[in-house]
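Containing TSV, N, CA and C atoms: data_8.tsv.
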chain	number	residue	atom	x	y	z
A	5	MET	N	93.22	-104.11	79.88
A	5	MET	CA	93.82	-103.23	78.93
A	5	MET	C	94.52	-104.08	77.87
A	6	VAL	N	94.44	-103.61	76.64
A	6	VAL	CA	95.10	-104.28	75.52
A	6	VAL	C	96.05	-103.29	74.86
A	7	VAL	N	97.30	-103.71	74.71
A	7	VAL	CA	98.27	-102.93	73.95
A	7	VAL	C	98.54	-103.72	72.67
A	8	HIS	N	98.15	-103.15	71.55
A	8	HIS	CA	98.23	-103.84	70.27
A	8	HIS	C	99.66	-103.87	69.73
A	9	PRO	N	99.91	-104.74	68.75
A	9	PRO	CA	101.27	-104.85	68.19
A	9	PRO	C	101.74	-103.52	67.60
A	10	PRO	N	103.05	-103.34	67.57
A	10	PRO	CA	103.58	-102.12	66.96
A	10	PRO	C	103.19	-102.03	65.49
A	11	ASP	N	102.86	-100.81	65.05
A	11	ASP	CA	102.56	-100.60	63.64
A	11	ASP	C	103.87	-100.38	62.88
A	12	HIS	N	103.78	-99.94	61.65
A	12	HIS	CA	104.97	-99.78	60.81
A	12	HIS	C	105.95	-98.72	61.34
A	13	ARG	N	105.51	-97.90	62.30
A	13	ARG	CA	106.38	-96.89	62.91
A	13	ARG	C	106.88	-97.32	64.29
A	14	GLY	N	106.32	-98.42	64.81
A	14	GLY	CA	106.66	-98.87	66.16
A	14	GLY	C	105.69	-98.36	67.21
A	15	TRP	N	104.64	-97.67	66.79
A	15	TRP	CA	103.64	-97.12	67.71
A	15	TRP	C	102.59	-98.19	67.99
A	16	ARG	N	101.98	-98.11	69.17
A	16	ARG	CA	101.03	-99.13	69.59
A	16	ARG	C	99.71	-98.53	70.05
A	17	ARG	N	98.61	-99.08	69.51
A	17	ARG	CA	97.28	-98.65	69.94
A	17	ARG	C	97.00	-99.24	71.32
A	18	VAL	N	96.31	-98.47	72.15
A	18	VAL	CA	95.99	-98.91	73.51
A	18	VAL	C	94.48	-98.79	73.71
A	19	ARG	N	93.87	-99.89	74.20
A	19	ARG	CA	92.44	-99.92	74.45
A	19	ARG	C	92.18	-100.41	75.87
A	20	CYS	N	91.12	-99.91	76.47
A	20	CYS	CA	90.73	-100.35	77.80
A	20	CYS	C	89.22	-100.42	77.85
A	21	ASP	N	88.69	-101.55	78.28
A	21	ASP	CA	87.24	-101.76	78.33
A	21	ASP	C	86.57	-101.47	77.01
A	22	GLY	N	87.24	-101.83	75.91
A	22	GLY	CA	86.68	-101.66	74.58
A	22	GLY	C	86.79	-100.26	74.01
A	23	GLN	N	87.37	-99.34	74.75
A	23	GLN	CA	87.50	-97.96	74.28
A	23	GLN	C	88.96	-97.64	73.98
A	24	SER	N	89.16	-96.90	72.91
A	24	SER	CA	90.51	-96.49	72.55
A	24	SER	C	91.01	-95.42	73.53
A	25	LEU	N	92.22	-95.63	74.05
A	25	LEU	CA	92.84	-94.62	74.91
A	25	LEU	C	93.80	-93.76	74.10
A	26	GLY	N	94.28	-94.28	72.98
A	26	GLY	CA	95.18	-93.53	72.13
A	26	GLY	C	96.27	-94.42	71.57
A	27	THR	N	97.26	-93.77	70.97
A	27	THR	CA	98.40	-94.46	70.40
A	27	THR	C	99.63	-94.13	71.23
A	28	ALA	N	100.26	-95.17	71.74
A	28	ALA	CA	101.45	-94.99	72.57
A	28	ALA	C	102.70	-95.01	71.70
A	29	TYR	N	103.56	-94.06	71.93
A	29	TYR	CA	104.83	-93.97	71.22
A	29	TYR	C	105.96	-94.55	72.07
A	30	ARG	N	105.69	-94.67	73.37
A	30	ARG	CA	106.63	-95.23	74.33
A	30	ARG	C	105.82	-95.70	75.54
A	31	ILE	N	106.41	-96.49	76.37
A	31	ILE	CA	105.69	-97.10	77.49
A	31	ILE	C	105.11	-96.06	78.45
A	32	SER	N	105.79	-94.95	78.64
A	32	SER	CA	105.30	-93.92	79.57
A	32	SER	C	103.99	-93.29	79.12
A	33	ASP	N	103.66	-93.40	77.83
A	33	ASP	CA	102.38	-92.87	77.34
A	33	ASP	C	101.19	-93.57	77.98
A	34	ILE	N	101.36	-94.82	78.36
A	34	ILE	CA	100.25	-95.58	78.95
A	34	ILE	C	99.81	-94.94	80.26
A	35	ALA	N	100.74	-94.53	81.09
A	35	ALA	CA	100.39	-93.86	82.34
A	35	ALA	C	99.67	-92.54	82.06
A	36	VAL	N	100.09	-91.84	81.03
A	36	VAL	CA	99.43	-90.58	80.65
A	36	VAL	C	97.98	-90.86	80.25
A	37	PHE	N	97.76	-91.90	79.47
A	37	PHE	CA	96.39	-92.26	79.07
A	37	PHE	C	95.54	-92.60	80.29
A	38	LEU	N	96.09	-93.39	81.20
A	38	LEU	CA	95.34	-93.79	82.39
A	38	LEU	C	95.03	-92.59	83.27
A	39	ALA	N	95.96	-91.67	83.41
A	39	ALA	CA	95.72	-90.46	84.19
A	39	ALA	C	94.60	-89.63	83.55
A	40	ALA	N	94.57	-89.60	82.22
A	40	ALA	CA	93.54	-88.85	81.52
A	40	ALA	C	92.14	-89.44	81.74
A	41	THR	N	92.08	-90.74	82.06
A	41	THR	CA	90.79	-91.36	82.35
A	41	THR	C	90.34	-91.11	83.78
A	42	GLY	N	91.23	-90.49	84.57
A	42	GLY	CA	90.89	-90.19	85.95
A	42	GLY	C	91.50	-91.13	86.97
A	43	MET	N	92.31	-92.07	86.52
A	43	MET	CA	92.94	-93.00	87.45
A	43	MET	C	93.95	-92.27	88.33
A	44	GLU	N	93.78	-92.42	89.63
A	44	GLU	CA	94.75	-91.86	90.55
A	44	GLU	C	95.97	-92.77	90.59
A	45	ASP	N	97.14	-92.20	90.77
A	45	ASP	CA	98.39	-92.95	90.83
A	45	ASP	C	98.64	-93.77	89.56
A	46	ALA	N	98.24	-93.23	88.42
A	46	ALA	CA	98.41	-93.94	87.15
A	46	ALA	C	99.87	-94.27	86.88
A	47	GLU	N	100.78	-93.42	87.36
A	47	GLU	CA	102.21	-93.67	87.13
A	47	GLU	C	102.70	-94.90	87.88
A	48	ASP	N	101.92	-95.39	88.86
A	48	ASP	CA	102.29	-96.58	89.61
A	48	ASP	C	101.65	-97.86	89.05
A	49	PHE	N	100.85	-97.73	88.00
A	49	PHE	CA	100.18	-98.87	87.38
A	49	PHE	C	101.25	-99.83	86.83
A	50	ASP	N	101.14	-101.10	87.16
A	50	ASP	CA	102.13	-102.09	86.73
A	50	ASP	C	101.80	-102.60	85.33
A	51	VAL	N	102.42	-101.99	84.33
A	51	VAL	CA	102.16	-102.38	82.94
A	51	VAL	C	102.74	-103.74	82.59
A	52	THR	N	103.55	-104.32	83.48
A	52	THR	CA	104.12	-105.64	83.21
A	52	THR	C	103.27	-106.78	83.76
A	53	ASP	N	102.20	-106.46	84.47
A	53	ASP	CA	101.35	-107.48	85.08
A	53	ASP	C	100.40	-108.05	84.02
A	54	PRO	N	100.58	-109.33	83.64
A	54	PRO	CA	99.73	-109.91	82.60
A	54	PRO	C	98.26	-110.01	83.00
A	55	ALA	N	97.96	-109.90	84.28
A	55	ALA	CA	96.56	-109.90	84.71
A	55	ALA	C	95.90	-108.55	84.41
A	56	LEU	N	96.71	-107.52	84.21
A	56	LEU	CA	96.19	-106.17	83.96
A	56	LEU	C	96.33	-105.72	82.52
A	57	VAL	N	97.38	-106.20	81.84
A	57	VAL	CA	97.67	-105.74	80.49
A	57	VAL	C	97.91	-106.93	79.57
A	58	ASP	N	97.19	-106.94	78.45
A	58	ASP	CA	97.37	-107.95	77.41
A	58	ASP	C	98.27	-107.33	76.33
A	59	TRP	N	99.56	-107.68	76.36
A	59	TRP	CA	100.51	-107.17	75.38
A	59	TRP	C	100.46	-108.08	74.17
A	60	ARG	N	100.08	-107.53	73.03
A	60	ARG	CA	99.99	-108.31	71.80
A	60	ARG	C	101.13	-107.91	70.86
A	61	GLY	N	101.76	-108.89	70.27
A	61	GLY	CA	102.82	-108.61	69.31
A	61	GLY	C	104.10	-108.14	69.96
A	62	GLY	N	104.33	-108.51	71.19
A	62	GLY	CA	105.54	-108.13	71.91
A	62	GLY	C	105.17	-107.48	73.23
A	63	GLY	N	106.04	-107.63	74.20
A	63	GLY	CA	105.80	-107.11	75.53
A	63	GLY	C	106.13	-105.64	75.69
A	64	PRO	N	106.23	-105.19	76.93
A	64	PRO	CA	106.45	-103.77	77.20
A	64	PRO	C	107.78	-103.23	76.70
A	65	ASP	N	108.69	-104.11	76.28
A	65	ASP	CA	109.98	-103.66	75.75
A	65	ASP	C	109.98	-103.53	74.23
A	66	CYS	N	108.89	-103.89	73.59
A	66	CYS	CA	108.84	-103.92	72.12
A	66	CYS	C	108.18	-102.65	71.56
A	67	TRP	N	109.01	-101.78	71.01
A	67	TRP	CA	108.51	-100.53	70.40
A	67	TRP	C	109.12	-100.31	69.03
A	68	THR	N	109.52	-101.36	68.37
A	68	THR	CA	110.09	-101.25	67.04
A	68	THR	C	109.12	-101.78	66.00
A	69	PRO	N	109.17	-101.23	64.81
A	69	PRO	CA	108.29	-101.71	63.75
A	69	PRO	C	108.58	-103.19	63.43
A	70	PRO	N	107.55	-103.89	62.97
A	70	PRO	CA	107.76	-105.29	62.59
A	70	PRO	C	108.69	-105.36	61.38
A	71	SER	N	109.39	-106.46	61.24
A	71	SER	CA	110.24	-106.68	60.07
A	71	SER	C	109.39	-106.89	58.84
A	72	LEU	N	109.86	-106.38	57.75
A	72	LEU	CA	109.10	-106.53	56.49
A	72	LEU	C	109.51	-107.77	55.78
Now, as a test, write the supplied structure out as structure tokens.
Amino acid sequence: MVVHPPDHRGWRRVRCDGQSLGTAYRISDIAVFLAATGMEDAEDFDVTDPALVDWRGGGPDCWTPPSL
């Protein structure tokens, strides 16, 4: 899974296996996206595990727009 850098609003695009899952407004949105794909126990998915998630432009705590 790839979580792209925050855009000008602080929102982040999320992709998995080359497919867009949506735009996350907060970290909890990722579990919602995974549940929508049919993943059981999506709320238990470890979004901090670098083997599972490639956080680009900031880690799971970064939800603010980039500085201009």
Please identify all polymer residues within 8 Å of segment 50-62 of chain A, counting all atoms listed in the file, omitting same-chain residues fewer than 3 positions from it, and present them as a list of chain:residue names.
-> A:Met5, A:Val6, A:Val7, A:His8, A:Pro9, A:Pro10, A:Ala46, A:Glu47, A:Asp65, A:Cys66, A:Trp67
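Note that atom CA of Asp45 of chain A and atom C of Asp11 of chain A are 29.4 Å apart.
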Per DSSP on the backbone, filter chain A down to the residues in strand (DSSP E) and report them as a VMD selection string.
-> chain A and resid 6 to 7 16 to 20 23 to 28 58 to 59
Select from chain A everything DSSP, run on the backbone, classes as alpha helix (DSSP H), then give the selection as a PyMOL selection string.
-> chain A and resi 32-40
Selected residue, from A:Ser71, A:Gly63, A:Asp48, A:Leu38, that lies nearest to Cys20 of chain A when counting only C-alpha atoms | A:Leu38
In Å, rounded to a single decimal, give me how far atom C of His12 of chain A is from atom C of Arg30 of chain A.
-> 14.5 Å
Which polymer residues, whether protein, DNA or RNA, lie within 6 Å of the coordinate (107.2, -98.3, 66.8) when you count only C-alpha atoms? List them as a PDB file with N, CA and C atoms, in the coordinates of the input, using the chain letters and numbers from the file.
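For reference, out26.pdb as written:
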ATOM      1  N   PRO A  10     103.050-103.340  67.570  1.00  0.00           N
ATOM      2  CA  PRO A  10     103.580-102.120  66.960  1.00  0.00           C
ATOM      3  C   PRO A  10     103.190-102.030  65.490  1.00  0.00           C
ATOM      4  N   ARG A  13     105.510 -97.900  62.300  1.00  0.00           N
ATOM      5  CA  ARG A  13     106.380 -96.890  62.910  1.00  0.00           C
ATOM      6  C   ARG A  13     106.880 -97.320  64.290  1.00  0.00           C
ATOM      7  N   GLY A  14     106.320 -98.420  64.810  1.00  0.00           N
ATOM      8  CA  GLY A  14     106.660 -98.870  66.160  1.00  0.00           C
ATOM      9  C   GLY A  14     105.690 -98.360  67.210  1.00  0.00           C
ATOM     10  N   TRP A  15     104.640 -97.670  66.790  1.00  0.00           N
ATOM     11  CA  TRP A  15     103.640 -97.120  67.710  1.00  0.00           C
ATOM     12  C   TRP A  15     102.590 -98.190  67.990  1.00  0.00           C
ATOM     13  N   TRP A  67     109.010-101.780  71.010  1.00  0.00           N
ATOM     14  CA  TRP A  67     108.510-100.530  70.400  1.00  0.00           C
ATOM     15  C   TRP A  67     109.120-100.310  69.030  1.00  0.00           C
ATOM     16  N   THR A  68     109.520-101.360  68.370  1.00  0.00           N
ATOM     17  CA  THR A  68     110.090-101.250  67.040  1.00  0.00           C
ATOM     18  C   THR A  68     109.120-101.780  66.000  1.00  0.00           C
ATOM     19  N   PRO A  69     109.170-101.230  64.810  1.00  0.00           N
ATOM     20  CA  PRO A  69     108.290-101.710  63.750  1.00  0.00           C
ATOM     21  C   PRO A  69     108.580-103.190  63.430  1.00  0.00           C
TER      22      PRO A  69
END
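Between atom CA of Pro70 of chain A and atom CA of Ala35 of chain A the separation is 24.0 Å.
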Where is the centre and how long are the edges: axis-aligned box on segment 39-55 of chain A, 3 Å on each side, Å to one decimal, as AutoDock Vina command-line options:
--center_x 97.2 --center_y -99.4 --center_z 86.2 --size_x 19.8 --size_y 27.2 --size_z 15.3
Could you pull segment 20-52 of chain A out of the structure I just pasted and write it to a file containing N, CA, C and O atoms, as a PDB file, in the first residue's frame?
ATOM      1  N   CYS A  20      -3.362   0.725  -3.545  1.00  0.00           N
ATOM      2  CA  CYS A  20      -2.964  -0.618  -3.152  1.00  0.00           C
ATOM      3  C   CYS A  20      -2.943  -1.489  -4.398  1.00  0.00           C
ATOM      4  O   CYS A  20      -3.927  -1.502  -5.158  1.00  0.00           O
ATOM      5  N   ASP A  21      -1.844  -2.172  -4.625  1.00  0.00           N
ATOM      6  CA  ASP A  21      -1.685  -3.011  -5.817  1.00  0.00           C
ATOM      7  C   ASP A  21      -1.977  -2.249  -7.095  1.00  0.00           C
ATOM      8  O   ASP A  21      -2.600  -2.763  -8.019  1.00  0.00           O
ATOM      9  N   GLY A  22      -1.562  -0.979  -7.135  1.00  0.00           N
ATOM     10  CA  GLY A  22      -1.721  -0.164  -8.329  1.00  0.00           C
ATOM     11  C   GLY A  22      -3.106   0.428  -8.520  1.00  0.00           C
ATOM     12  O   GLY A  22      -3.335   1.135  -9.486  1.00  0.00           O
ATOM     13  N   GLN A  23      -4.025   0.156  -7.613  1.00  0.00           N
ATOM     14  CA  GLN A  23      -5.385   0.681  -7.734  1.00  0.00           C
ATOM     15  C   GLN A  23      -5.642   1.733  -6.663  1.00  0.00           C
ATOM     16  O   GLN A  23      -5.228   1.577  -5.521  1.00  0.00           O
ATOM     17  N   SER A  24      -6.354   2.768  -7.062  1.00  0.00           N
ATOM     18  CA  SER A  24      -6.711   3.815  -6.116  1.00  0.00           C
ATOM     19  C   SER A  24      -7.777   3.306  -5.153  1.00  0.00           C
ATOM     20  O   SER A  24      -8.785   2.730  -5.571  1.00  0.00           O
ATOM     21  N   LEU A  25      -7.541   3.515  -3.856  1.00  0.00           N
ATOM     22  CA  LEU A  25      -8.547   3.169  -2.851  1.00  0.00           C
ATOM     23  C   LEU A  25      -9.359   4.398  -2.466  1.00  0.00           C
ATOM     24  O   LEU A  25     -10.455   4.275  -1.945  1.00  0.00           O
ATOM     25  N   GLY A  26      -8.793   5.578  -2.682  1.00  0.00           N
ATOM     26  CA  GLY A  26      -9.495   6.814  -2.374  1.00  0.00           C
ATOM     27  C   GLY A  26      -8.554   7.841  -1.784  1.00  0.00           C
ATOM     28  O   GLY A  26      -7.340   7.683  -1.788  1.00  0.00           O
ATOM     29  N   THR A  27      -9.152   8.906  -1.267  1.00  0.00           N
ATOM     30  CA  THR A  27      -8.406   9.974  -0.628  1.00  0.00           C
ATOM     31  C   THR A  27      -8.715   9.954   0.862  1.00  0.00           C
ATOM     32  O   THR A  27      -9.875  10.033   1.255  1.00  0.00           O
ATOM     33  N   ALA A  28      -7.660   9.835   1.649  1.00  0.00           N
ATOM     34  CA  ALA A  28      -7.821   9.786   3.102  1.00  0.00           C
ATOM     35  C   ALA A  28      -7.730  11.194   3.674  1.00  0.00           C
ATOM     36  O   ALA A  28      -6.841  11.967   3.308  1.00  0.00           O
ATOM     37  N   TYR A  29      -8.659  11.505   4.542  1.00  0.00           N
ATOM     38  CA  TYR A  29      -8.688  12.790   5.229  1.00  0.00           C
ATOM     39  C   TYR A  29      -8.090  12.668   6.628  1.00  0.00           C
ATOM     40  O   TYR A  29      -7.756  13.663   7.247  1.00  0.00           O
ATOM     41  N   ARG A  30      -8.004  11.426   7.096  1.00  0.00           N
ATOM     42  CA  ARG A  30      -7.431  11.109   8.405  1.00  0.00           C
ATOM     43  C   ARG A  30      -7.024   9.632   8.368  1.00  0.00           C
ATOM     44  O   ARG A  30      -7.448   8.883   7.490  1.00  0.00           O
ATOM     45  N   ILE A  31      -6.228   9.225   9.300  1.00  0.00           N
ATOM     46  CA  ILE A  31      -5.666   7.871   9.296  1.00  0.00           C
ATOM     47  C   ILE A  31      -6.750   6.793   9.351  1.00  0.00           C
ATOM     48  O   ILE A  31      -6.611   5.729   8.753  1.00  0.00           O
ATOM     49  N   SER A  32      -7.843   7.048  10.041  1.00  0.00           N
ATOM     50  CA  SER A  32      -8.908   6.039  10.156  1.00  0.00           C
ATOM     51  C   SER A  32      -9.571   5.725   8.820  1.00  0.00           C
ATOM     52  O   SER A  32     -10.170   4.657   8.654  1.00  0.00           O
ATOM     53  N   ASP A  33      -9.441   6.628   7.839  1.00  0.00           N
ATOM     54  CA  ASP A  33     -10.012   6.367   6.511  1.00  0.00           C
ATOM     55  C   ASP A  33      -9.363   5.159   5.846  1.00  0.00           C
ATOM     56  O   ASP A  33      -9.994   4.462   5.052  1.00  0.00           O
ATOM     57  N   ILE A  34      -8.119   4.887   6.171  1.00  0.00           N
ATOM     58  CA  ILE A  34      -7.418   3.762   5.548  1.00  0.00           C
ATOM     59  C   ILE A  34      -8.093   2.445   5.897  1.00  0.00           C
ATOM     60  O   ILE A  34      -8.297   1.593   5.027  1.00  0.00           O
ATOM     61  N   ALA A  35      -8.488   2.265   7.138  1.00  0.00           N
ATOM     62  CA  ALA A  35      -9.203   1.046   7.534  1.00  0.00           C
ATOM     63  C   ALA A  35     -10.536   0.946   6.807  1.00  0.00           C
ATOM     64  O   ALA A  35     -10.949  -0.148   6.406  1.00  0.00           O
ATOM     65  N   VAL A  36     -11.200   2.068   6.606  1.00  0.00           N
ATOM     66  CA  VAL A  36     -12.474   2.078   5.870  1.00  0.00           C
ATOM     67  C   VAL A  36     -12.241   1.613   4.432  1.00  0.00           C
ATOM     68  O   VAL A  36     -13.000   0.790   3.906  1.00  0.00           O
ATOM     69  N   PHE A  37     -11.190   2.109   3.802  1.00  0.00           N
ATOM     70  CA  PHE A  37     -10.869   1.689   2.430  1.00  0.00           C
ATOM     71  C   PHE A  37     -10.586   0.193   2.370  1.00  0.00           C
ATOM     72  O   PHE A  37     -11.054  -0.503   1.463  1.00  0.00           O
ATOM     73  N   LEU A  38      -9.801  -0.304   3.316  1.00  0.00           N
ATOM     74  CA  LEU A  38      -9.455  -1.722   3.328  1.00  0.00           C
ATOM     75  C   LEU A  38     -10.687  -2.590   3.563  1.00  0.00           C
ATOM     76  O   LEU A  38     -10.844  -3.637   2.937  1.00  0.00           O
ATOM     77  N   ALA A  39     -11.569  -2.161   4.438  1.00  0.00           N
ATOM     78  CA  ALA A  39     -12.810  -2.903   4.677  1.00  0.00           C
ATOM     79  C   ALA A  39     -13.658  -2.941   3.410  1.00  0.00           C
ATOM     80  O   ALA A  39     -14.274  -3.964   3.097  1.00  0.00           O
ATOM     81  N   ALA A  40     -13.659  -1.843   2.663  1.00  0.00           N
ATOM     82  CA  ALA A  40     -14.438  -1.780   1.423  1.00  0.00           C
ATOM     83  C   ALA A  40     -13.898  -2.744   0.364  1.00  0.00           C
ATOM     84  O   ALA A  40     -14.651  -3.192  -0.503  1.00  0.00           O
ATOM     85  N   THR A  41     -12.611  -3.096   0.461  1.00  0.00           N
ATOM     86  CA  THR A  41     -12.039  -4.067  -0.474  1.00  0.00           C
ATOM     87  C   THR A  41     -12.341  -5.498  -0.070  1.00  0.00           C
ATOM     88  O   THR A  41     -12.001  -6.436  -0.780  1.00  0.00           O
ATOM     89  N   GLY A  42     -12.948  -5.659   1.118  1.00  0.00           N
ATOM     90  CA  GLY A  42     -13.292  -6.990   1.588  1.00  0.00           C
ATOM     91  C   GLY A  42     -12.353  -7.548   2.639  1.00  0.00           C
ATOM     92  O   GLY A  42     -12.517  -8.689   3.082  1.00  0.00           O
ATOM     93  N   MET A  43     -11.376  -6.771   3.057  1.00  0.00           N
ATOM     94  CA  MET A  43     -10.437  -7.245   4.074  1.00  0.00           C
ATOM     95  C   MET A  43     -11.150  -7.406   5.411  1.00  0.00           C
ATOM     96  O   MET A  43     -11.770  -6.470   5.903  1.00  0.00           O
ATOM     97  N   GLU A  44     -11.038  -8.595   5.964  1.00  0.00           N
ATOM     98  CA  GLU A  44     -11.584  -8.820   7.298  1.00  0.00           C
ATOM     99  C   GLU A  44     -10.635  -8.221   8.325  1.00  0.00           C
ATOM    100  O   GLU A  44      -9.430  -8.205   8.133  1.00  0.00           O
ATOM    101  N   ASP A  45     -11.164  -7.726   9.412  1.00  0.00           N
ATOM    102  CA  ASP A  45     -10.372  -7.121  10.485  1.00  0.00           C
ATOM    103  C   ASP A  45      -9.517  -5.958   9.988  1.00  0.00           C
ATOM    104  O   ASP A  45      -8.387  -5.761  10.445  1.00  0.00           O
ATOM    105  N   ALA A  46     -10.046  -5.188   9.043  1.00  0.00           N
ATOM    106  CA  ALA A  46      -9.298  -4.060   8.486  1.00  0.00           C
ATOM    107  C   ALA A  46      -8.911  -3.053   9.555  1.00  0.00           C
ATOM    108  O   ALA A  46      -7.862  -2.417   9.465  1.00  0.00           O
ATOM    109  N   GLU A  47      -9.740  -2.937  10.598  1.00  0.00           N
ATOM    110  CA  GLU A  47      -9.434  -1.974  11.663  1.00  0.00           C
ATOM    111  C   GLU A  47      -8.202  -2.383  12.464  1.00  0.00           C
ATOM    112  O   GLU A  47      -7.612  -1.569  13.164  1.00  0.00           O
ATOM    113  N   ASP A  48      -7.767  -3.647  12.336  1.00  0.00           N
ATOM    114  CA  ASP A  48      -6.574  -4.120  13.027  1.00  0.00           C
ATOM    115  C   ASP A  48      -5.315  -4.053  12.164  1.00  0.00           C
ATOM    116  O   ASP A  48      -4.229  -4.412  12.626  1.00  0.00           O
ATOM    117  N   PHE A  49      -5.445  -3.598  10.926  1.00  0.00           N
ATOM    118  CA  PHE A  49      -4.312  -3.480  10.008  1.00  0.00           C
ATOM    119  C   PHE A  49      -3.308  -2.477  10.584  1.00  0.00           C
ATOM    120  O   PHE A  49      -3.678  -1.372  10.986  1.00  0.00           O
ATOM    121  N   ASP A  50      -2.050  -2.859  10.650  1.00  0.00           N
ATOM    122  CA  ASP A  50      -1.015  -2.004  11.233  1.00  0.00           C
ATOM    123  C   ASP A  50      -0.482  -1.025  10.189  1.00  0.00           C
ATOM    124  O   ASP A  50       0.414  -1.347   9.426  1.00  0.00           O
ATOM    125  N   VAL A  51      -1.047   0.175  10.178  1.00  0.00           N
ATOM    126  CA  VAL A  51      -0.640   1.180   9.197  1.00  0.00           C
ATOM    127  C   VAL A  51       0.745   1.745   9.469  1.00  0.00           C
ATOM    128  O   VAL A  51       1.292   2.466   8.641  1.00  0.00           O
ATOM    129  N   THR A  52       1.337   1.408  10.619  1.00  0.00           N
ATOM    130  CA  THR A  52       2.683   1.895  10.933  1.00  0.00           C
ATOM    131  C   THR A  52       3.775   0.928  10.494  1.00  0.00           C
ATOM    132  O   THR A  52       4.955   1.255  10.597  1.00  0.00           O
TER     133      THR A  52
END
